[in-house]
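The structure appears below as structure tokens.
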Amino acid sequence: MKRLLLFFALATAQPLYADSNLPPAYWSDRQLPDPRQEAEAQALMDQIRCLVCQGQSIADSDAELAGDMRDLVRRRIAAGEKPDAIRAWLIQRYGTWISYKPTSEPAAWPLWLLPLALLLVGAWLIRRRIRMRRGQ
Amino acid sequence: MSRAFRFAPIGVLLLIIAALVWRLATPKDNNVHSTMVGKPVPAFDLPSIVPNKPALSSADVATGQPHLVNIFASWCVPCITEVKVLKALQGRGVHIDGIAVRDRPADLADFLARNGDPYERIGSDSQSDVQISLGSSGVPESFIVDGKGVIRFQQIGAIEASDVPMILSKLEQAR
């Protein structure tokens, strides 16, 4: 009997969340009435990193803070702010790390140059191949 | 293919192993550091949340004296131990203001009655708005704001008893 009770106690236990007792922010899981604005908000939310589940976007994350950030993004879009201005506002607070969209900062230059470098390596390899064939 | 080239894959493997060992030895810093340090506190005006405790606005933290702005919540477990350290800091004459994130008045009043109340003012940040505008990513976090209202230091996580001398010297530097 004791074991059975223990089993039910464990099976129905509530996990202890490090979350508040307030309901989610109004716009956190609610679409904007204007489809064009909602699309803009969605596109931005897909590119903003969640501060809690780093590696997820705020659109994907279930963290409370991500909900509050979705609310913030939708509120600002609804107020007529441009997505790039909201992104810049967030970058000012958290650094370029917060945005998944690659920047043109010097730190990101290798990222932009890599495709070019790979193309050059490929061209060099092909050239070598052709020369070797000719040499046969 | 040259002889040296043949051993390249082993070289690459060794490089990967070296990288993995290095990352194990020096774990990644997953803290999100606010880039607002060195900048003025963004303008905000938070309402009061518990009776007899004044509300908090950005003007209240730029009074000519350094302030410790503590971002906390009654639902945050490490905040319980931190509040006792803050109480000790208050005893040393530190101005401590609180930003209560996503909190309910009854919960917060209970939290303060139970654990102590080192706060001069407490603002209620019910949608994490001010927390986000400060570049903070969790509770507890604290910001040291100098007399002119410029953010000088960010403490990520609870202020432990062992951090007190460091916090006091940062406050002294912000004077």
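Following the order of the structure tokens, chains are lettered A, B, ..., residues in each are numbered from 1, and ligands are numbered from 1.
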
Against chain A, which residues of chain B fall within 6 Å? For each one I want the closest pair of atoms and the distance in Å (one decimal), counting only C-alpha atoms, rows by chain and increasing residue number, as CSV.
```
residue,atom,partner,partner_atom,distance
B:Ser34,CA,A:Tyr94,CA,5.3
B:Thr35,CA,A:Arg93,CA,5.1
B:Met36,CA,A:Arg93,CA,5.5
B:Trp75,CA,A:Ser20,CA,5.7
B:Gln127,CA,A:Asp68,CA,5.8
B:Gly135,CA,A:Arg93,CA,4.5
B:Ser137,CA,A:Leu51,CA,5.9
```

Legend entry - Contact residues around Leu112 (chain B) with only C-alpha atoms at 10 Å, ignoring same-chain residues under 6 positions, as a list in words: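 Contacts, with the query itself left out: Val50, Ser74, Ile80, Val83, Pro118 and Tyr119 of chain B.
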
Requested write-out: C-alpha atoms of the selected residues, as a PDB file, in the first residue's frame:
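Output file again.pdb follows:
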```
ATOM      1  CA  VAL B  50       4.011  46.397  -2.121  1.00  0.00           C
ATOM      2  CA  SER B  74       9.933  36.110  -4.931  1.00  0.00           C
ATOM      3  CA  ILE B  80      16.459  34.116  -0.789  1.00  0.00           C
ATOM      4  CA  VAL B  83      18.703  39.074   0.242  1.00  0.00           C
ATOM      5  CA  PRO B 118      17.094  45.713   2.143  1.00  0.00           C
ATOM      6  CA  TYR B 119      15.315  47.772  -0.551  1.00  0.00           C
TER       7      TYR B 119
END
```

Inset, instruction - May I ask which of the residues B:Ser126, B:Gln90, B:Gln173, B:Gln131 is the closest one to Val41 (chain B), counting only C-alpha atoms? - result: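 Of the candidates, the smallest distance to Val41 (chain B) is held by B:Gln131.
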
Legend entry - strand (DSSP E or B) positions in chain A, given as a VMD selection string: chain A and resid 48 to 49 54 56 to 57 99

Take the residues from that selection and put them in a file with C-alpha atoms, as a PDB file, in the first residue's frame.
```
ATOM      1  CA  ILE A  48      16.398  36.502 -32.144  1.00  0.00           C
ATOM      2  CA  ARG A  49      18.216  34.167 -29.779  1.00  0.00           C
ATOM      3  CA  GLN A  54      20.609  29.633 -25.936  1.00  0.00           C
ATOM      4  CA  GLN A  56      16.805  28.346 -29.775  1.00  0.00           C
ATOM      5  CA  SER A  57      15.077  31.358 -31.212  1.00  0.00           C
ATOM      6  CA  SER A  99      20.710  38.024 -33.416  1.00  0.00           C
TER       7      SER A  99
END
```

Inset, instruction - Might you pull out every residue within 12 Å of region 77-82 of chain A, with only C-alpha atoms counted and same-chain residues fewer than 6 positions away left off, and present them as a PyMOL selection string? - result: chain A and resi 27+31-45+70-71+88-89

Take the residues just selected and output them with C-alpha atoms as a PDB file, in the first residue's frame.
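Now in result-v1.pdb:
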```
ATOM      1  CA  TRP A  27       1.201  38.951 -27.069  1.00  0.00           C
ATOM      2  CA  GLN A  31      -0.844  36.548 -33.291  1.00  0.00           C
ATOM      3  CA  LEU A  32      -1.191  40.173 -34.306  1.00  0.00           C
ATOM      4  CA  PRO A  33      -4.519  40.878 -36.057  1.00  0.00           C
ATOM      5  CA  ASP A  34      -2.723  42.351 -39.083  1.00  0.00           C
ATOM      6  CA  PRO A  35      -1.231  39.419 -41.072  1.00  0.00           C
ATOM      7  CA  ARG A  36       1.487  41.583 -42.622  1.00  0.00           C
ATOM      8  CA  GLN A  37       2.645  42.782 -39.190  1.00  0.00           C
ATOM      9  CA  GLU A  38       2.466  39.256 -37.783  1.00  0.00           C
ATOM     10  CA  ALA A  39       4.651  38.008 -40.650  1.00  0.00           C
ATOM     11  CA  GLU A  40       7.189  40.751 -39.895  1.00  0.00           C
ATOM     12  CA  ALA A  41       7.160  39.885 -36.184  1.00  0.00           C
ATOM     13  CA  GLN A  42       7.485  36.157 -36.913  1.00  0.00           C
ATOM     14  CA  ALA A  43      10.451  36.718 -39.236  1.00  0.00           C
ATOM     15  CA  LEU A  44      12.210  38.773 -36.563  1.00  0.00           C
ATOM     16  CA  MET A  45      11.393  36.354 -33.721  1.00  0.00           C
ATOM     17  CA  ARG A  70       7.884  37.878 -28.202  1.00  0.00           C
ATOM     18  CA  ASP A  71       5.418  40.182 -26.485  1.00  0.00           C
ATOM     19  CA  ALA A  88      19.296  47.103 -33.230  1.00  0.00           C
ATOM     20  CA  TRP A  89      17.689  47.916 -29.874  1.00  0.00           C
TER      21      TRP A  89
END
```

Report as a PDB file with N, CA and C atoms, in the first residue's frame all protein, DNA and RNA residues lying within 10 Å of Val145 (chain B), evaluated on only C-alpha atoms, omitting residues in the same chain fewer than 3 positions from it.
```
ATOM      1  N   VAL B  37      26.674  48.056 -19.887  1.00  0.00           N
ATOM      2  CA  VAL B  37      27.674  48.541 -18.929  1.00  0.00           C
ATOM      3  C   VAL B  37      28.478  49.666 -19.594  1.00  0.00           C
ATOM      4  N   GLY B  38      28.575  50.807 -18.898  1.00  0.00           N
ATOM      5  CA  GLY B  38      29.250  51.970 -19.468  1.00  0.00           C
ATOM      6  C   GLY B  38      28.286  52.951 -20.113  1.00  0.00           C
ATOM      7  N   LYS B  39      27.009  52.536 -20.213  1.00  0.00           N
ATOM      8  CA  LYS B  39      25.995  53.419 -20.806  1.00  0.00           C
ATOM      9  C   LYS B  39      25.020  53.887 -19.725  1.00  0.00           C
ATOM     10  N   PRO B  40      24.305  54.972 -19.980  1.00  0.00           N
ATOM     11  CA  PRO B  40      23.329  55.441 -18.986  1.00  0.00           C
ATOM     12  C   PRO B  40      22.172  54.449 -18.839  1.00  0.00           C
ATOM     13  N   VAL B  41      21.600  54.426 -17.651  1.00  0.00           N
ATOM     14  CA  VAL B  41      20.424  53.577 -17.416  1.00  0.00           C
ATOM     15  C   VAL B  41      19.307  54.012 -18.359  1.00  0.00           C
ATOM     16  N   VAL B  61      17.545  56.242  -9.494  1.00  0.00           N
ATOM     17  CA  VAL B  61      18.835  55.563  -9.315  1.00  0.00           C
ATOM     18  C   VAL B  61      20.004  56.484  -9.659  1.00  0.00           C
ATOM     19  N   ALA B  62      19.703  57.697 -10.135  1.00  0.00           N
ATOM     20  CA  ALA B  62      20.764  58.669 -10.459  1.00  0.00           C
ATOM     21  C   ALA B  62      20.655  59.851  -9.512  1.00  0.00           C
ATOM     22  N   THR B  63      21.068  59.623  -8.274  1.00  0.00           N
ATOM     23  CA  THR B  63      20.849  60.636  -7.244  1.00  0.00           C
ATOM     24  C   THR B  63      22.145  61.308  -6.805  1.00  0.00           C
ATOM     25  N   GLY B  64      23.235  61.066  -7.522  1.00  0.00           N
ATOM     26  CA  GLY B  64      24.518  61.601  -7.093  1.00  0.00           C
ATOM     27  C   GLY B  64      25.295  60.606  -6.244  1.00  0.00           C
ATOM     28  N   GLN B  65      24.605  59.587  -5.763  1.00  0.00           N
ATOM     29  CA  GLN B  65      25.235  58.510  -4.975  1.00  0.00           C
ATOM     30  C   GLN B  65      25.152  57.216  -5.797  1.00  0.00           C
ATOM     31  N   PRO B  66      26.157  56.328  -5.665  1.00  0.00           N
ATOM     32  CA  PRO B  66      26.033  55.046  -6.372  1.00  0.00           C
ATOM     33  C   PRO B  66      24.867  54.203  -5.825  1.00  0.00           C
ATOM     34  N   HIS B  67      24.195  53.501  -6.717  1.00  0.00           N
ATOM     35  CA  HIS B  67      23.083  52.633  -6.325  1.00  0.00           C
ATOM     36  C   HIS B  67      23.358  51.211  -6.787  1.00  0.00           C
ATOM     37  N   LEU B  68      22.883  50.270  -5.995  1.00  0.00           N
ATOM     38  CA  LEU B  68      22.910  48.872  -6.403  1.00  0.00           C
ATOM     39  C   LEU B  68      21.485  48.512  -6.813  1.00  0.00           C
ATOM     40  N   VAL B  69      21.283  48.246  -8.106  1.00  0.00           N
ATOM     41  CA  VAL B  69      19.949  47.893  -8.592  1.00  0.00           C
ATOM     42  C   VAL B  69      19.885  46.378  -8.705  1.00  0.00           C
ATOM     43  N   SER B 142      22.450  41.999 -10.641  1.00  0.00           N
ATOM     44  CA  SER B 142      22.530  43.330 -10.040  1.00  0.00           C
ATOM     45  C   SER B 142      23.359  44.244 -10.922  1.00  0.00           C
ATOM     46  N   LYS B 148      25.764  59.575 -11.613  1.00  0.00           N
ATOM     47  CA  LYS B 148      25.217  60.239 -12.796  1.00  0.00           C
ATOM     48  C   LYS B 148      24.231  59.356 -13.545  1.00  0.00           C
ATOM     49  N   GLY B 149      24.020  58.141 -13.032  1.00  0.00           N
ATOM     50  CA  GLY B 149      23.065  57.258 -13.690  1.00  0.00           C
ATOM     51  C   GLY B 149      23.678  56.408 -14.786  1.00  0.00           C
ATOM     52  N   VAL B 150      25.014  56.244 -14.750  1.00  0.00           N
ATOM     53  CA  VAL B 150      25.677  55.388 -15.741  1.00  0.00           C
ATOM     54  C   VAL B 150      25.916  54.007 -15.124  1.00  0.00           C
ATOM     55  N   ILE B 151      25.589  52.951 -15.882  1.00  0.00           N
ATOM     56  CA  ILE B 151      25.794  51.592 -15.388  1.00  0.00           C
ATOM     57  C   ILE B 151      27.287  51.297 -15.377  1.00  0.00           C
ATOM     58  N   ARG B 152      27.813  50.872 -14.234  1.00  0.00           N
ATOM     59  CA  ARG B 152      29.248  50.653 -14.099  1.00  0.00           C
ATOM     60  C   ARG B 152      29.633  49.189 -14.017  1.00  0.00           C
ATOM     61  N   PHE B 153      28.703  48.346 -13.561  1.00  0.00           N
ATOM     62  CA  PHE B 153      29.071  46.946 -13.324  1.00  0.00           C
ATOM     63  C   PHE B 153      27.813  46.076 -13.342  1.00  0.00           C
ATOM     64  N   GLN B 154      27.963  44.865 -13.875  1.00  0.00           N
ATOM     65  CA  GLN B 154      26.855  43.919 -13.848  1.00  0.00           C
ATOM     66  C   GLN B 154      27.283  42.668 -13.096  1.00  0.00           C
ATOM     67  N   LYS B 170      33.585  48.122  -6.039  1.00  0.00           N
ATOM     68  CA  LYS B 170      32.954  48.601  -7.292  1.00  0.00           C
ATOM     69  C   LYS B 170      32.079  49.822  -6.999  1.00  0.00           C
ATOM     70  N   LEU B 171      31.388  49.797  -5.870  1.00  0.00           N
ATOM     71  CA  LEU B 171      30.540  50.925  -5.480  1.00  0.00           C
ATOM     72  C   LEU B 171      31.402  52.146  -5.207  1.00  0.00           C
ATOM     73  N   ALA B 174      32.426  53.725  -8.288  1.00  0.00           N
ATOM     74  CA  ALA B 174      31.314  54.388  -8.987  1.00  0.00           C
ATOM     75  C   ALA B 174      30.927  55.693  -8.308  1.00  0.00           C
ATOM     76  N   ARG B 175      31.609  56.019  -7.238  1.00  0.00           N
ATOM     77  CA  ARG B 175      31.250  57.219  -6.473  1.00  0.00           C
ATOM     78  C   ARG B 175      31.494  58.507  -7.267  1.00  0.00           C
TER      79      ARG B 175
END
```
